[in-house]
Amino acid sequence: MKPLLHLVLSILLLFVTPSRAQDFPLKLVDALGDTLTLHAYPERIVSLAPSNTELLFAVGAGSRVVGVTDHCNYPPDAAGKPKIGGFSDANLELIVSRQPDLVLGARFNPRESLDGLRRFNIPVFVLAPSSVDETLSALLQVGRITGQDEAAARLEAALMLRVRAVQEAVDEIPVHARPRVLWGKLSAPMYTAGPGSFIDDLIRLAGGGSIVHDASVNWPRVGLETIVDRNPQVIVVSSTPPPEIGEALDRLRKTPGWEKIDAVISGRIYHINLDLLGRPGPRLVDGLERLAHAFHPDRFPQ
């Protein structure tokens with residue numbers, strides 16, 4: 001969905017009263033092409049991904065969440081919700097015991113688990129955004145499903161304004177003036193973010209260019225030779241804690257190969273929490289702004 005269409009949809013939703021009984025049954029098609037039919041707004045929701053949990057709380061439906069994964073740690077209130085397992089090993093018995101009238105699934109949930117829930121006549125709706133744009137659309141979907149249309153539209157519009165502010169600030173920067181960026185860890189070989197990943201989309205929107213922009217997979221494996229050859233000017237890490245980056249830099253400046261990399265020479269290595277870069281929820285926009293500041297501190301001083 002294009003930014004203009006996003007804005008128009010958000011404005012329209014602001015003036016629409018959330019669907020009431022006369023609008024049911026409510027039918028929506030999820031990311032897997034399955035149709036969800038609701039006859040009332042769900043009051044007991046199980047979330048099968050941290051991103052879904054963040055979206056539910058963001059639109060004001062957090063009080064209706066009765067089960068979350070072991071990895072759902074934000075917002076703080078989500079940590080106290082009953083746990084039902086992980087992404088790929090959710091415990092179906094625990095989910096059923098929570099008596100949900102909706103399970104909000106995600107990209108990495110096994111299809112057989114989702115189908116198993118449907119056999120218990122539990123409604124399932126799957127979200128699978130792969131970019132900032134699609135994440136904002138998913139926010140509106142969650143608002144629609146929960147009857148929180150207005151809250152979702154207000155939040156989506158506010159987030160979209162922040163995204164557009166970053167885009168407008170970097171649009172005029174020519175490609176050759178955008179930093180070459182590597183996301184990963186401070187050792188090789190590593191898996192980094194390639195085309196089709198959230199992190200690659202954020203790097204592009206923030207005015208950078210991934211050194212693996214031409215990869216054929218979402219998460220390519222790169223060795224030191226490739227890293228040296230493509231010579232990133234900025235390295236973004238999520239696994240190395242900020243206090244340890246200085247020590248890592250001192251080590252890399254003495255390590256054959258690494259000592260030639262521009263980002264190591266200049267010290268442009270930044271830590272950004274992975275939850276802000278790889279979790280398709282409202283905080284992706286926080287991650288975008290932090291990347292923009294790292295890439296272009298002259299344009300984003302705060």
# chains A, B, ... in the order shown; residues from 1 in each chain; ligands from 1

$ select_by_dssp --residues "range 161-265 of chain A" --states "strand (DSSP E)" --output "PyMOL selection string"
chain A and resi 180-184+190-191+209-210+221-222+234-237

$ select_by_dssp --residues "range 55-223 of chain A" --states "alpha helix (DSSP H)" --output "VMD selection string"
chain A and resid 55 to 58 76 to 79 92 to 97 111 to 119 132 to 146 149 to 170 198 to 205

$ closest_atom_pairs --of "range 61-91 of chain A" --to "range 100-121 of chain A" --cutoff "9 Å" --atoms "only C-alpha atoms" --output "tab-separated table"
residue	atom	partner	partner_atom	distance
A:Val65	CA	A:Pro100	CA	8.9
A:Val66	CA	A:Pro100	CA	7.4
A:Gly67	CA	A:Pro100	CA	8.5
A:Gly86	CA	A:Asn109	CA	8.9
A:Phe87	CA	A:Asn109	CA	5.5
A:Ser88	CA	A:Asn109	CA	5.3
A:Asp89	CA	A:Asn109	CA	8.2
A:Ala90	CA	A:Ser113	CA	7.8
A:Asn91	CA	A:Ser113	CA	8.9

$ residues_around --residues "Gly33 in chain A" --least-positions-apart "3" --cutoff "12 Å" --atoms "only C-alpha atoms" --output "number ranges by chain"
A: 28-30, 36, 124-128

$ atom_distance --atom1 "CA of Asp34 in chain A" --atom2 "CA of Ser197 in chain A"
23.5 Å

$ residues_around --residues "Val228 in chain A" --least-positions-apart "5" --cutoff "9 Å" --atoms "only C-alpha atoms" --output "PyMOL selection string"
chain A and resi 223+257-258+260-261

$ residues_around --residues "range 199-204 of chain A" --least-positions-apart "2" --cutoff "10 Å" --atoms "only C-alpha atoms" --output "ChimeraX atom specification"
/A:130-133,167,170,178-183,192-197,206-213,218-219,236,274,276-279,284-285,287-289,291-292,295
